[in-house]
Amino acid sequence: MPLTFRKQPSGGRGEYELVGETGGVSAIDLMDHGFLWDTPFGQKETEVALSNQGGKRRLRITQSGVPHIQRQAAALGLLPKSIREEAKVTHGQPIVLENGYILDVQVSLVSTDDSMAVVRPAIFTARSGPANDDAHKLDMDAQQRFARLQAVWEQAEVLPEAVGLAVLAHRQRVIDDTTIGTAAEKAVHTVIAALAEVGAPGYIPGADPLPALEVLAGLSGGIELPPPTEAPEDLPEIRIRIESEYRLAKARGASHEQFKKAVQKAYDFRCAFCGMRALDIPGLARAGVDAAHILPWGQYDLDVVQNGILLCKRDHWAFDAHVLLLRHEGGAYSVELNPRYAGLITDQETLAALGQATGPIPEDRLPTKAADRPGPSYIEKLYEGLEDY
Ligand SMILES: [Zn+2]
C-alpha cells in the first residue's frame with residue numbers, strides 16, 4: 001500500500017494512522033518524525049508527528065489549536081471539512097459533503113532526514129460509507145486539484161463578487177500561512193457559503209466547491225459546460241448533473257428558482273431579443289420577462305445560465321415556437337425571423353412587432369460575463385436535425 005494518512009478503518013474514536021510505504025521507506029521508518037507538506041504554495045508545517053505511545057504508533061498533534069492532518073489536507077485543497085466518526089458519514093451522494101465524509105491522504109515522500117519527512121499529497125480519497133464500500137468512495141488527484149484551484153484564482157474577477165472575495169481569501173491563507181489551520185478551514189467554509197448564497201447553478205450546499213467555481217469562472221479546462229445529455233423521458237424528475245457525484249435525483253424546484261434568478265441577474269431583467277425590461281413596481285415581483293431555456297428543460301433538464309436567455313413573453317413564445325431563431329456566429333449573437341414562417345405572416349403589424357426582435361443582439365443586452373452567454377453548443381443542438389433552420 002502506498003504511504004497513506006488514513007483513518008483507522010475500524011474503531012469509533014476516529015484515530016488517524018500512517019500506513020504503507022513508498023520508495024522503500026515505510027511508515028515504521030518514519031517513527032519519531034514530524035511532517036511537512038510539500039505544496040505548489042510552498043512547504044507547510046503540519047505540527048503533526050509520528051511517535052510511539054505505549055507501544056502504539058500514533059500521529060500526534062504537537063501544537064495546540066492545529067487541526068489534524070486530514071483537515072489540513074482538506075483545507076489546502078479547498079475541500080469541505082471532513083469528519084472522523086464512522087457513525088456520522090452520510091452514506092450518500094455527493095460523497096464529499098461538509099461534515100459528512102472521511103478523508104484519507106495518500107502521499108509521496110519528497111525527502112526525509114532524522115527528524116522530518118517532507119510529503120507531497122498525491123491522492124485525496126473521500127468516502128461517505130465504510131472503507132470497503134467503493135460506491136461511496138472518490139479518489140481525487142491532489143496535484144491536479146491544486147492546479148485547478150490555481151486556474152480558478154486566475155479567474156477570480158469573473159466570479160460573483162462574494163464568491164471571488166472568498167476564493168481569494170482562501171488563496172491568501174494557503175499561500176501565507178506556515179501551518180494550514182483553522183483559518184484556512186474557515187476560508188473554505190466561506191467559499192461554500194458564498195456559492196450557496198449566490199445560488200451557483202447545480203451547486204449542492206456543502207458539496208465540493210471546486211466544480212461549481214469552475215463553471216462560474218467559465219473554465220473549459222477542468223470542467224466544461226455540462227453535456228446536453230437527454231434526461232430519460234419517463235423520469236423527467238431525474239436530473240443529469242455535471243459530475244458523477246451530482247448524478248442524483250432531487251426535486252426540481254430549488255434548482256429552477258436558482259436558474260431563474262441567475263438568468264434574470266445576468267441579463268439585468270431585460271429581454272435579450274427586444275430590450276424590454278421587467279417592470280419594477282414597488283411591492284410587486286418583477287414580471288414580464290421569463291428565464292427561458294435554450295434546450296428545453298423537459299428534455300434536457302439543464303438549469304445552467306449558459307442554457308438560459310431572458311426573454312419577454314412575446315419573444316419567449318416566438319423562440320420556443322421557432323418563429324424567431326437565435327443565431328451565434330463569430331462570437332456574436334443575432335435573431336432571425338424563421339424564413340419558413342416569414343412568408344406566411346401577412347399582417348404587417350405582426351411582422352413589425354417581430355421585427356423589433358430581429359437583427360444583431362447588442363452587447364449591452366447580453367450578460368457582461370462571456371461565460372454566462374448562451375452556450376453555442378446548446379444553440380447548435382437546439383436546431384440540429386430541424387430542416388431549413
Ligand atoms: Zn422581447
# chains A, B, ... in the order shown; residues from 1 in each chain; ligands from 1
call {"tool": "residues_around", "arguments": {"residues": "segment 143-150 of chain A", "least_positions_apart": "5", "cutoff": "9 Å", "atoms": "only C-alpha atoms", "output": "NGL selection string"}}
result
:A and (39-41 or 76-78 or 120-123 or 155 or 171 or 210 or 214 or 221-222)
call {"tool": "residues_around", "arguments": {"residues": "Ala74 of chain A", "least_positions_apart": "3", "cutoff": "12 Å", "atoms": "only C-alpha atoms", "output": "ChimeraX atom specification"}}
result
/A:67-71,77-83,96-99,101-105,121,123-126,140,142,145-146,174,180-182,184-189,208-209
call {"tool": "select_by_dssp", "arguments": {"residues": "segment 98-187 of chain A", "states": "strand (DSSP E or B)", "output": "list in words"}}
result
Ile102, Leu103, Asp104, Val105, Gln106, Val107, Ser108, Leu109, Val110, Ser111, Thr112, Met116, Ala117, Val118, Val119, Arg120, Pro121, Ala122, Ile123, Phe124, Thr125, Ala126, Arg127, Lys137, Leu138, Asp139, Met140 and Asp141 of chain A
call {"tool": "closest_residue", "arguments": {"among": "A:Ala318, A:Ala117, A:Leu302, A:Ala194", "to": "ligand 1", "atoms": "only C-alpha atoms and all ligand atoms"}}
result
A:Ala318
call {"tool": "closest_atom_pairs", "arguments": {"of": "chain A", "to": "ligand 1", "cutoff": "9 Å", "atoms": "only C-alpha atoms and all ligand atoms", "output": "JSON lines"}}
result
{"residue": "A:Arg270", "atom": "CA", "partner": "ligand 1", "partner_atom_place_in_ligand_line": "1 (Zn)", "distance": 8.0}
{"residue": "A:Cys271", "atom": "CA", "partner": "ligand 1", "partner_atom_place_in_ligand_line": "1 (Zn)", "distance": 4.7}
{"residue": "A:Ala272", "atom": "CA", "partner": "ligand 1", "partner_atom_place_in_ligand_line": "1 (Zn)", "distance": 6.7}
{"residue": "A:Phe273", "atom": "CA", "partner": "ligand 1", "partner_atom_place_in_ligand_line": "1 (Zn)", "distance": 5.0}
{"residue": "A:Cys274", "atom": "CA", "partner": "ligand 1", "partner_atom_place_in_ligand_line": "1 (Zn)", "distance": 4.0}
{"residue": "A:Gly275", "atom": "CA", "partner": "ligand 1", "partner_atom_place_in_ligand_line": "1 (Zn)", "distance": 6.0}
{"residue": "A:Met276", "atom": "CA", "partner": "ligand 1", "partner_atom_place_in_ligand_line": "1 (Zn)", "distance": 5.5}
{"residue": "A:Arg277", "atom": "CA", "partner": "ligand 1", "partner_atom_place_in_ligand_line": "1 (Zn)", "distance": 8.4}
{"residue": "A:Val289", "atom": "CA", "partner": "ligand 1", "partner_atom_place_in_ligand_line": "1 (Zn)", "distance": 7.8}
{"residue": "A:Leu310", "atom": "CA", "partner": "ligand 1", "partner_atom_place_in_ligand_line": "1 (Zn)", "distance": 8.6}
{"residue": "A:Leu311", "atom": "CA", "partner": "ligand 1", "partner_atom_place_in_ligand_line": "1 (Zn)", "distance": 5.3}
{"residue": "A:Cys312", "atom": "CA", "partner": "ligand 1", "partner_atom_place_in_ligand_line": "1 (Zn)", "distance": 4.1}
{"residue": "A:Lys313", "atom": "CA", "partner": "ligand 1", "partner_atom_place_in_ligand_line": "1 (Zn)", "distance": 6.8}
{"residue": "A:Arg314", "atom": "CA", "partner": "ligand 1", "partner_atom_place_in_ligand_line": "1 (Zn)", "distance": 6.1}
{"residue": "A:Asp315", "atom": "CA", "partner": "ligand 1", "partner_atom_place_in_ligand_line": "1 (Zn)", "distance": 4.7}
{"residue": "A:His316", "atom": "CA", "partner": "ligand 1", "partner_atom_place_in_ligand_line": "1 (Zn)", "distance": 7.4}
{"residue": "A:Leu354", "atom": "CA", "partner": "ligand 1", "partner_atom_place_in_ligand_line": "1 (Zn)", "distance": 8.9}
{"residue": "A:Gln356", "atom": "CA", "partner": "ligand 1", "partner_atom_place_in_ligand_line": "1 (Zn)", "distance": 8.1}
{"residue": "A:Ala357", "atom": "CA", "partner": "ligand 1", "partner_atom_place_in_ligand_line": "1 (Zn)", "distance": 6.4}
call {"tool": "write_last_selection", "arguments": {"atoms": "N, CA and C atoms", "output": "JSON list (two decimals), in the first residue's frame"}}
result
[["chain", "number", "residue", "atom", "x", "y", "z"],
["A", 270, "ARG", "N", -33.61, 42.38, -18.61],
["A", 270, "ARG", "CA", -34.01, 42.84, -19.95],
["A", 270, "ARG", "C", -34.16, 41.67, -20.92],
["A", 271, "CYS", "N", -35.17, 41.78, -21.78],
["A", 271, "CYS", "CA", -35.35, 40.80, -22.85],
["A", 271, "CYS", "C", -34.17, 40.94, -23.81],
["A", 272, "ALA", "N", -33.46, 39.80, -24.05],
["A", 272, "ALA", "CA", -32.28, 39.86, -24.92],
["A", 272, "ALA", "C", -32.67, 40.18, -26.35],
["A", 273, "PHE", "N", -33.90, 39.80, -26.75],
["A", 273, "PHE", "CA", -34.31, 39.98, -28.15],
["A", 273, "PHE", "C", -34.75, 41.42, -28.43],
["A", 274, "CYS", "N", -35.62, 42.00, -27.59],
["A", 274, "CYS", "CA", -36.17, 43.31, -27.92],
["A", 274, "CYS", "C", -35.78, 44.41, -26.92],
["A", 275, "GLY", "N", -35.18, 44.04, -25.81],
["A", 275, "GLY", "CA", -34.72, 45.06, -24.87],
["A", 275, "GLY", "C", -35.74, 45.47, -23.82],
["A", 276, "MET", "N", -36.95, 44.91, -23.89],
["A", 276, "MET", "CA", -37.94, 45.27, -22.88],
["A", 276, "MET", "C", -37.45, 44.83, -21.49],
["A", 277, "ARG", "N", -37.59, 45.75, -20.53],
["A", 277, "ARG", "CA", -37.13, 45.43, -19.18],
["A", 277, "ARG", "C", -38.30, 45.06, -18.29],
["A", 289, "VAL", "N", -40.79, 39.35, -17.95],
["A", 289, "VAL", "CA", -39.76, 38.62, -18.70],
["A", 289, "VAL", "C", -39.56, 37.25, -18.05],
["A", 310, "LEU", "N", -32.91, 35.50, -21.16],
["A", 310, "LEU", "CA", -34.06, 36.21, -20.62],
["A", 310, "LEU", "C", -34.86, 36.80, -21.77],
["A", 311, "LEU", "N", -36.16, 36.48, -21.82],
["A", 311, "LEU", "CA", -37.00, 36.92, -22.93],
["A", 311, "LEU", "C", -38.33, 37.45, -22.41],
["A", 312, "CYS", "N", -38.88, 38.46, -23.10],
["A", 312, "CYS", "CA", -40.22, 38.91, -22.76],
["A", 312, "CYS", "C", -41.20, 37.82, -23.19],
["A", 313, "LYS", "N", -42.44, 37.95, -22.77],
["A", 313, "LYS", "CA", -43.43, 36.89, -23.03],
["A", 313, "LYS", "C", -43.57, 36.62, -24.53],
["A", 314, "ARG", "N", -43.63, 37.70, -25.31],
["A", 314, "ARG", "CA", -43.81, 37.52, -26.76],
["A", 314, "ARG", "C", -42.61, 36.76, -27.36],
["A", 315, "ASP", "N", -41.42, 37.25, -27.01],
["A", 315, "ASP", "CA", -40.24, 36.66, -27.62],
["A", 315, "ASP", "C", -39.96, 35.25, -27.09],
["A", 316, "HIS", "N", -40.40, 35.00, -25.86],
["A", 316, "HIS", "CA", -40.27, 33.65, -25.31],
["A", 316, "HIS", "C", -41.12, 32.68, -26.15],
["A", 354, "LEU", "N", -42.56, 41.55, -34.57],
["A", 354, "LEU", "CA", -41.50, 40.54, -34.52],
["A", 354, "LEU", "C", -40.18, 41.14, -35.00],
["A", 356, "GLN", "N", -38.99, 43.92, -34.33],
["A", 356, "GLN", "CA", -38.29, 44.62, -33.24],
["A", 356, "GLN", "C", -37.24, 43.72, -32.59],
["A", 357, "ALA", "N", -37.46, 42.43, -32.75],
["A", 357, "ALA", "CA", -36.56, 41.49, -32.07],
["A", 357, "ALA", "C", -35.43, 41.00, -32.97]]
call {"tool": "closest_residue", "arguments": {"among": "A:Asp176, A:Asp139, A:Asp364, A:Glu86", "to": "Asp268 of chain A", "atoms": "only C-alpha atoms"}}
result
A:Asp364
call {"tool": "residues_around", "arguments": {"residues": "Ala371 of chain A", "least_positions_apart": "2", "cutoff": "6 Å", "atoms": "only C-alpha atoms", "output": "list of chain:residue names"}}
result
A:Gly218, A:Lys369, A:Arg373
call {"tool": "write_last_selection", "arguments": {"atoms": "N, CA, C and O atoms", "output": "PDB file, in the first residue's frame"}}
result
ATOM      1  N   GLY A 218     -16.145  30.016 -15.901  1.00  0.00           N
ATOM      2  CA  GLY A 218     -16.121  29.808 -17.344  1.00  0.00           C
ATOM      3  C   GLY A 218     -14.883  29.060 -17.810  1.00  0.00           C
ATOM      4  O   GLY A 218     -14.422  29.224 -18.925  1.00  0.00           O
ATOM      5  N   LYS A 369     -20.565  38.915 -18.347  1.00  0.00           N
ATOM      6  CA  LYS A 369     -19.587  37.830 -18.327  1.00  0.00           C
ATOM      7  C   LYS A 369     -19.802  36.930 -19.535  1.00  0.00           C
ATOM      8  O   LYS A 369     -20.886  36.377 -19.719  1.00  0.00           O
ATOM      9  N   ARG A 373     -23.094  33.814 -21.264  1.00  0.00           N
ATOM     10  CA  ARG A 373     -23.860  33.958 -22.511  1.00  0.00           C
ATOM     11  C   ARG A 373     -24.312  32.589 -23.037  1.00  0.00           C
ATOM     12  O   ARG A 373     -23.744  31.562 -22.666  1.00  0.00           O
TER      13      ARG A 373
END
call {"tool": "residues_around", "arguments": {"residues": "Gly24 of chain A", "least_positions_apart": "5", "cutoff": "12 Å", "atoms": "only C-alpha atoms", "output": "list in words"}}
result
Met1, Pro2, Leu3, Asp29, Leu30, Ser108 and Leu109 of chain A
call {"tool": "closest_residue", "arguments": {"among": "A:Glu15, A:Asp290, A:Asp303, A:Asp320", "to": "Leu382 of chain A", "atoms": "only C-alpha atoms"}}
result
A:Asp320
call {"tool": "atom_distance", "arguments": {"atom1": "atom CA of Leu337 of chain A", "atom2": "atom CA of Leu386 of chain A"}}
result
15.2 Å
call {"tool": "select_by_dssp", "arguments": {"residues": "segment 54-213 of chain A", "states": "helix (DSSP H, G or I)", "output": "MDAnalysis selection string"}}
result
chainID A and resid 69:76 86:88 134:136 142:154 156:158 161:176 182:198 209:213
call {"tool": "atom_distance", "arguments": {"atom1": "atom CA of Glu336 of chain A", "atom2": "atom CA of His322 of chain A"}}
result
9.8 Å
call {"tool": "atom_distance", "arguments": {"atom1": "atom CA of Val163 of chain A", "atom2": "atom CA of Arg286 of chain A"}}
result
25.2 Å
call {"tool": "closest_residue", "arguments": {"among": "A:Leu324, A:Lys265, A:Leu165, A:Trp37", "to": "Ala353 of chain A", "atoms": "only C-alpha atoms"}}
result
A:Leu324
